[in-house]
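Q: My structure file model23.pdb, PDB, C-alpha atoms, is below:
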```
ATOM      1  CA  MET A   1      -3.069  34.158 -11.849  1.00  0.00           C
ATOM      2  CA  GLU A   2      -1.053  31.460 -13.668  1.00  0.00           C
ATOM      3  CA  LYS A   3      -2.383  28.381 -15.475  1.00  0.00           C
ATOM      4  CA  TYR A   4      -1.097  24.884 -14.670  1.00  0.00           C
ATOM      5  CA  LEU A   5      -1.593  21.427 -16.064  1.00  0.00           C
ATOM      6  CA  ILE A   6      -1.703  18.720 -13.387  1.00  0.00           C
ATOM      7  CA  LYS A   7      -1.206  15.050 -14.256  1.00  0.00           C
ATOM      8  CA  VAL A   8      -2.988  12.915 -11.652  1.00  0.00           C
ATOM      9  CA  SER A   9      -2.931   9.136 -11.276  1.00  0.00           C
ATOM     10  CA  LYS A  10      -5.410   6.918  -9.461  1.00  0.00           C
ATOM     11  CA  PRO A  11      -4.476   3.308  -8.681  1.00  0.00           C
ATOM     12  CA  ALA A  12      -6.955   0.894 -10.180  1.00  0.00           C
ATOM     13  CA  PHE A  13      -6.605  -2.599  -8.797  1.00  0.00           C
ATOM     14  CA  LYS A  14      -8.953  -5.295  -9.999  1.00  0.00           C
ATOM     15  CA  THR A  15      -9.593  -8.822  -8.771  1.00  0.00           C
ATOM     16  CA  THR A  16     -11.111 -11.987 -10.131  1.00  0.00           C
ATOM     17  CA  VAL A  17     -11.552 -15.589  -9.008  1.00  0.00           C
ATOM     18  CA  VAL A  18     -10.593 -18.599 -11.123  1.00  0.00           C
ATOM     19  CA  GLU A  19     -11.111 -22.262 -10.301  1.00  0.00           C
ATOM     20  CA  VAL A  20      -8.359 -24.745 -11.164  1.00  0.00           C
ATOM     21  CA  GLU A  21      -7.433 -28.356 -10.524  1.00  0.00           C
ATOM     22  CA  ALA A  22      -3.854 -29.014  -9.529  1.00  0.00           C
ATOM     23  CA  GLU A  23      -1.548 -31.343  -7.575  1.00  0.00           C
ATOM     24  CA  SER A  24      -0.315 -28.674  -5.127  1.00  0.00           C
ATOM     25  CA  GLU A  25      -0.823 -25.077  -3.961  1.00  0.00           C
ATOM     26  CA  GLU A  26       2.159 -23.950  -6.025  1.00  0.00           C
ATOM     27  CA  ALA A  27       0.819 -25.639  -9.171  1.00  0.00           C
ATOM     28  CA  ALA A  28      -2.646 -24.199  -8.488  1.00  0.00           C
ATOM     29  CA  ALA A  29      -1.238 -20.691  -8.089  1.00  0.00           C
ATOM     30  CA  LEU A  30       0.662 -20.973 -11.372  1.00  0.00           C
ATOM     31  CA  GLU A  31      -2.364 -22.333 -13.238  1.00  0.00           C
ATOM     32  CA  GLY A  32      -4.584 -19.623 -11.734  1.00  0.00           C
ATOM     33  CA  PHE A  33      -2.076 -16.981 -12.799  1.00  0.00           C
ATOM     34  CA  LEU A  34      -1.967 -18.324 -16.353  1.00  0.00           C
ATOM     35  CA  GLN A  35      -5.757 -18.488 -16.607  1.00  0.00           C
ATOM     36  CA  ALA A  36      -6.258 -15.013 -15.156  1.00  0.00           C
ATOM     37  CA  ALA A  37      -3.710 -13.542 -17.578  1.00  0.00           C
ATOM     38  CA  VAL A  38      -5.986 -14.262 -20.551  1.00  0.00           C
ATOM     39  CA  LEU A  39      -9.346 -13.312 -19.006  1.00  0.00           C
ATOM     40  CA  PRO A  40     -11.300 -10.490 -20.654  1.00  0.00           C
ATOM     41  CA  ASP A  41     -11.660  -7.165 -18.828  1.00  0.00           C
ATOM     42  CA  ASP A  42     -15.289  -7.865 -17.897  1.00  0.00           C
ATOM     43  CA  ALA A  43     -14.178 -10.857 -15.777  1.00  0.00           C
ATOM     44  CA  TRP A  44     -12.442  -8.492 -13.344  1.00  0.00           C
ATOM     45  CA  ARG A  45     -14.049  -6.543 -10.484  1.00  0.00           C
ATOM     46  CA  ALA A  46     -12.643  -3.169  -9.423  1.00  0.00           C
ATOM     47  CA  ASN A  47     -11.504  -2.856  -5.806  1.00  0.00           C
ATOM     48  CA  LYS A  48     -12.878  -0.122  -3.574  1.00  0.00           C
ATOM     49  CA  ALA A  49     -11.653   3.158  -5.090  1.00  0.00           C
ATOM     50  CA  GLN A  50     -11.964   4.987  -1.758  1.00  0.00           C
ATOM     51  CA  ASP A  51      -9.157   2.805  -0.357  1.00  0.00           C
ATOM     52  CA  TYR A  52      -6.621   4.498  -2.640  1.00  0.00           C
ATOM     53  CA  ILE A  53      -5.495   8.098  -2.831  1.00  0.00           C
ATOM     54  CA  LEU A  54      -4.880  10.159  -5.948  1.00  0.00           C
ATOM     55  CA  ASP A  55      -1.237  10.828  -6.780  1.00  0.00           C
ATOM     56  CA  ILE A  56      -0.010  14.051  -8.374  1.00  0.00           C
ATOM     57  CA  GLN A  57       2.516  12.930 -10.987  1.00  0.00           C
ATOM     58  CA  LEU A  58       3.412  16.263 -12.548  1.00  0.00           C
ATOM     59  CA  VAL A  59       2.634  19.965 -12.215  1.00  0.00           C
ATOM     60  CA  MET A  60       3.512  22.138 -15.191  1.00  0.00           C
ATOM     61  CA  GLN A  61       2.924  25.827 -15.708  1.00  0.00           C
ATOM     62  CA  THR A  62       1.369  26.635 -19.090  1.00  0.00           C
ATOM     63  CA  SER A  63       0.176  29.634 -21.067  1.00  0.00           C
ATOM     64  CA  GLU A  64      -2.757  30.271 -23.386  1.00  0.00           C
ATOM     65  CA  GLN A  65      -0.446  30.077 -26.419  1.00  0.00           C
ATOM     66  CA  SER A  66       1.233  26.787 -25.500  1.00  0.00           C
ATOM     67  CA  TYR A  67      -1.707  24.983 -23.834  1.00  0.00           C
ATOM     68  CA  ILE A  68      -2.293  22.497 -26.687  1.00  0.00           C
ATOM     69  CA  ASP A  69       1.401  21.622 -26.994  1.00  0.00           C
ATOM     70  CA  ASP A  70       1.776  21.410 -23.212  1.00  0.00           C
ATOM     71  CA  SER A  71      -1.248  19.141 -22.775  1.00  0.00           C
ATOM     72  CA  ASP A  72       0.085  16.802 -25.478  1.00  0.00           C
ATOM     73  CA  TYR A  73       3.487  16.835 -23.776  1.00  0.00           C
ATOM     74  CA  ILE A  74       2.129  16.130 -20.283  1.00  0.00           C
ATOM     75  CA  ASN A  75       0.154  13.148 -21.625  1.00  0.00           C
ATOM     76  CA  GLU A  76       3.277  11.771 -23.305  1.00  0.00           C
ATOM     77  CA  ILE A  77       5.216  11.646 -20.030  1.00  0.00           C
ATOM     78  CA  ASP A  78       4.749   8.030 -19.105  1.00  0.00           C
ATOM     79  CA  ASP A  79       7.792   7.017 -17.077  1.00  0.00           C
ATOM     80  CA  ILE A  80       6.179   7.129 -13.645  1.00  0.00           C
ATOM     81  CA  HIS A  81       5.505   3.656 -12.284  1.00  0.00           C
ATOM     82  CA  TYR A  82       3.998   2.199  -9.122  1.00  0.00           C
ATOM     83  CA  LEU A  83       4.949  -0.790  -7.033  1.00  0.00           C
ATOM     84  CA  PRO A  84       1.995  -2.152  -5.084  1.00  0.00           C
ATOM     85  CA  LEU A  85       2.626  -3.336  -1.557  1.00  0.00           C
ATOM     86  CA  LYS A  86       0.345  -6.262  -0.784  1.00  0.00           C
ATOM     87  CA  ALA A  87      -1.197  -6.270   2.704  1.00  0.00           C
ATOM     88  CA  ASP A  88      -3.237  -9.116   4.163  1.00  0.00           C
ATOM     89  CA  CYS A  89      -4.829  -7.124   6.978  1.00  0.00           C
ATOM     90  CA  SER A  90      -6.632 -10.181   8.367  1.00  0.00           C
ATOM     91  CA  ILE A  91      -3.322 -11.765   9.475  1.00  0.00           C
ATOM     92  CA  GLY A  92      -0.902  -8.819   9.424  1.00  0.00           C
ATOM     93  CA  GLU A  93       1.295 -10.091   6.594  1.00  0.00           C
ATOM     94  CA  GLY A  94       2.756  -8.076   3.746  1.00  0.00           C
ATOM     95  CA  SER A  95       4.675  -8.722   0.546  1.00  0.00           C
ATOM     96  CA  VAL A  96       5.900  -6.907  -2.549  1.00  0.00           C
ATOM     97  CA  PRO A  97       4.667  -8.391  -5.825  1.00  0.00           C
ATOM     98  CA  LEU A  98       7.386  -7.534  -8.347  1.00  0.00           C
ATOM     99  CA  GLN A  99       6.266  -5.750 -11.482  1.00  0.00           C
ATOM    100  CA  PRO A 100       7.614  -6.150 -15.049  1.00  0.00           C
ATOM    101  CA  TRP A 101       8.846  -2.567 -15.262  1.00  0.00           C
ATOM    102  CA  LEU A 102      11.335  -3.291 -12.469  1.00  0.00           C
ATOM    103  CA  MET A 103      13.181  -5.795 -14.640  1.00  0.00           C
ATOM    104  CA  GLU A 104      13.512  -3.263 -17.454  1.00  0.00           C
ATOM    105  CA  ARG A 105      15.480  -0.704 -15.422  1.00  0.00           C
ATOM    106  CA  ASP A 106      19.156  -0.186 -14.681  1.00  0.00           C
ATOM    107  CA  SER A 107      20.286  -1.705 -11.373  1.00  0.00           C
ATOM    108  CA  LEU A 108      21.722   1.592 -10.060  1.00  0.00           C
ATOM    109  CA  LEU A 109      18.444   3.406 -10.773  1.00  0.00           C
ATOM    110  CA  LEU A 110      16.515   0.614  -9.038  1.00  0.00           C
ATOM    111  CA  ALA A 111      18.855   0.701  -6.035  1.00  0.00           C
ATOM    112  CA  ASP A 112      18.218   4.453  -5.737  1.00  0.00           C
ATOM    113  CA  ILE A 113      14.427   4.075  -6.023  1.00  0.00           C
ATOM    114  CA  LEU A 114      14.349   1.124  -3.596  1.00  0.00           C
ATOM    115  CA  ARG A 115      16.381   3.115  -1.051  1.00  0.00           C
ATOM    116  CA  ASP A 116      13.934   6.031  -1.306  1.00  0.00           C
ATOM    117  CA  TRP A 117      11.043   3.641  -0.685  1.00  0.00           C
ATOM    118  CA  GLN A 118      12.920   1.957   2.158  1.00  0.00           C
ATOM    119  CA  LEU A 119      13.496   5.284   3.927  1.00  0.00           C
ATOM    120  CA  ALA A 120       9.834   6.252   3.538  1.00  0.00           C
ATOM    121  CA  LEU A 121       8.640   2.856   4.820  1.00  0.00           C
ATOM    122  CA  ASP A 122      11.120   2.940   7.716  1.00  0.00           C
ATOM    123  CA  ALA A 123       9.786   6.353   8.776  1.00  0.00           C
ATOM    124  CA  MET A 124       6.187   5.071   8.654  1.00  0.00           C
ATOM    125  CA  TYR A 125       7.187   1.933  10.588  1.00  0.00           C
ATOM    126  CA  ASP A 126       8.930   4.004  13.293  1.00  0.00           C
ATOM    127  CA  GLU A 127       5.917   6.328  13.608  1.00  0.00           C
ATOM    128  CA  HIS A 128       3.400   3.496  14.004  1.00  0.00           C
ATOM    129  CA  LEU A 129       5.621   1.472  16.335  1.00  0.00           C
ATOM    130  CA  LYS A 130       6.048   4.549  18.556  1.00  0.00           C
ATOM    131  CA  GLU A 131       2.271   5.102  18.573  1.00  0.00           C
ATOM    132  CA  HIS A 132       1.649   1.457  19.508  1.00  0.00           C
ATOM    133  CA  THR A 133       4.352   1.511  22.197  1.00  0.00           C
ATOM    134  CA  GLN A 134       2.774   4.613  23.759  1.00  0.00           C
ATOM    135  CA  ALA A 135      -0.638   2.917  23.794  1.00  0.00           C
ATOM    136  CA  LEU A 136       0.882  -0.131  25.509  1.00  0.00           C
ATOM    137  CA  LYS A 137       2.484   2.106  28.143  1.00  0.00           C
ATOM    138  CA  VAL A 138      -0.919   3.627  28.920  1.00  0.00           C
ATOM    139  CA  ILE A 139      -2.453   0.150  29.234  1.00  0.00           C
ATOM    140  CA  LYS A 140       0.404  -0.991  31.482  1.00  0.00           C
ATOM    141  CA  SER A 141       0.060   2.087  33.661  1.00  0.00           C
ATOM    142  CA  ASN A 142      -3.690   1.545  33.962  1.00  0.00           C
ATOM    143  CA  LEU A 143      -3.157  -2.102  34.881  1.00  0.00           C
ATOM    144  CA  GLU A 144      -0.604  -1.171  37.532  1.00  0.00           C
ATOM    145  CA  ASP A 145      -3.011   1.396  38.965  1.00  0.00           C
ATOM    146  CA  GLY A 146      -5.838  -1.154  38.961  1.00  0.00           C
ATOM    147  CA  ARG A 147      -7.782   0.669  36.248  1.00  0.00           C
ATOM    148  CA  SER A 148      -9.081  -0.509  32.922  1.00  0.00           C
ATOM    149  CA  GLY A 149     -10.803   1.146  29.997  1.00  0.00           C
ATOM    150  CA  SER A 150     -14.216   0.471  31.590  1.00  0.00           C
ATOM    151  CA  ALA A 151     -15.475   2.837  34.225  1.00  0.00           C
ATOM    152  CA  GLY A 152     -15.457   1.265  37.642  1.00  0.00           C
ATOM    153  CA  ALA A 153     -13.874  -2.019  36.531  1.00  0.00           C
ATOM    154  CA  LYS A 154     -10.798  -3.255  38.368  1.00  0.00           C
ATOM    155  CA  ILE A 155      -8.497  -5.934  37.053  1.00  0.00           C
ATOM    156  CA  LEU A 156      -7.741  -8.532  39.699  1.00  0.00           C
ATOM    157  CA  PRO A 157      -4.644 -10.694  39.483  1.00  0.00           C
ATOM    158  CA  PHE A 158      -4.979 -14.452  39.242  1.00  0.00           C
ATOM    159  CA  PRO A 159      -4.189 -16.338  42.481  1.00  0.00           C
ATOM    160  CA  GLY A 160      -0.432 -16.665  42.847  1.00  0.00           C
ATOM    161  CA  MET A 161       0.279 -13.991  40.211  1.00  0.00           C
ATOM    162  CA  LYS A 162       2.850 -11.380  41.158  1.00  0.00           C
ATOM    163  CA  LYS A 163       2.041  -7.740  40.618  1.00  0.00           C
ATOM    164  CA  HIS A 164       4.751  -6.007  38.529  1.00  0.00           C
TER
END
```
Transcribe the structure of this file into structure tokens.

A:
Amino acid sequence: MEKYLIKVSKPAFKTTVVEVEAESEEAAALEGFLQAAVLPDDAWRANKAQDYILDIQLVMQTSEQSYIDDSDYINEIDDIHYLPLKADCSIGEGSVPLQPWLMERDSLLLADILRDWQLALDAMYDEHLKEHTQALKVIKSNLEDGRSGSAGAKILPFPGMKKH
């Protein structure tokens, strides 16, 4: 049996609420940002940890003799970054808040990373759109057959409505 060191990351998002007075939404957002930037850690509330999955950053085989050196090494590796995707699930809107580390990287490296993310997001989008489309087809078929999700219920067309 071999020994491995596993570096695991867990996203830790925190939120807070600040009250500001301003002339506009844009000015309020900026003032809120500036105030929040200097708040102490105890002014922030952790989001629900169960909403976020652990991420394996690195797996490294080790031996009894090199364990101390390897564990120091694995803790020094600190060039893995995350880009949070913001989702407002109440209205179905999303955005990508840019992070400072993005501005510190070479444009070719960023283009490569962004393309990887784009392909992964496109695959997820296609999968969920297909799932939704299939559900709509079932609903349409049930409507055409005069069935609904409720046992014994029949959907009647409005007067003057054509059946498709």

Q: Identify which of the residues A:Ile77, A:Arg45, A:Leu129, A:Ser107 lies closest to Val59 of chain A, counting all atoms listed in the file when measuring atom-to-atom distances.

A: A:Ile77

Q: When you draw a straight line from atom CA of Gln118 of chain A to atom CA of Gly94 of chain A, how long is it in Å?

A: 14.4 Å

Q: Quick one: pull the distance between atom CA of Pro84 of chain A and atom CA of Thr15 of chain A, Å, one decimal.

A: 13.9 Å

Q: Specify as a ChimeraX atom specification each residue included when the PyMOL selection byres ((chain A and resi 17) around 12) is applied to this file.

A: /A:14-16,18-20,29,32-33,35-37,39,43-45

Q: Quick one: everything within 10 Å of Met60 of chain A, counting all atoms listed in the file, minus sequence neighbours fewer than 2 positions away in the same chain. Send it as a list of chain:residue names.

A: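 Non-adjacent residues within range: A:Lys3, A:Tyr4, A:Leu5, A:Ile6, A:Lys7, A:Leu58, A:Thr62, A:Asp70, A:Ser71, A:Ile74.
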
Q: Could you please give me, as a PyMOL selection string, the residues of protein, DNA or RNA lying at most 10 Å from (-4.6, -4.8, -4.2) in the coordinate frame of the file, considering all atoms listed in the file?

A: chain A and resi 11-15+46-48+51-52+84-88

Q: Using 5 Å of padding on each side, determine the axis-aligned box around all atoms of segment 99-107 of chain A present in the file and give its centre and edge lengths in Å to one decimal, as JSON.

A:
```
{"center_x": 13.3, "center_y": -3.2, "center_z": -14.4, "size_x": 24.0, "size_y": 16.0, "size_z": 16.1}
```

Q: Would you write out, as a list of chain:residue names, every residue that the PyMOL selection byres ((chain A and resi 81-83) around 9) captures in this file?

A: A:Pro11, A:Asp78, A:Asp79, A:Ile80, A:Pro84, A:Leu85, A:Val96, A:Pro97, A:Leu98, A:Gln99, A:Trp101, A:Leu102
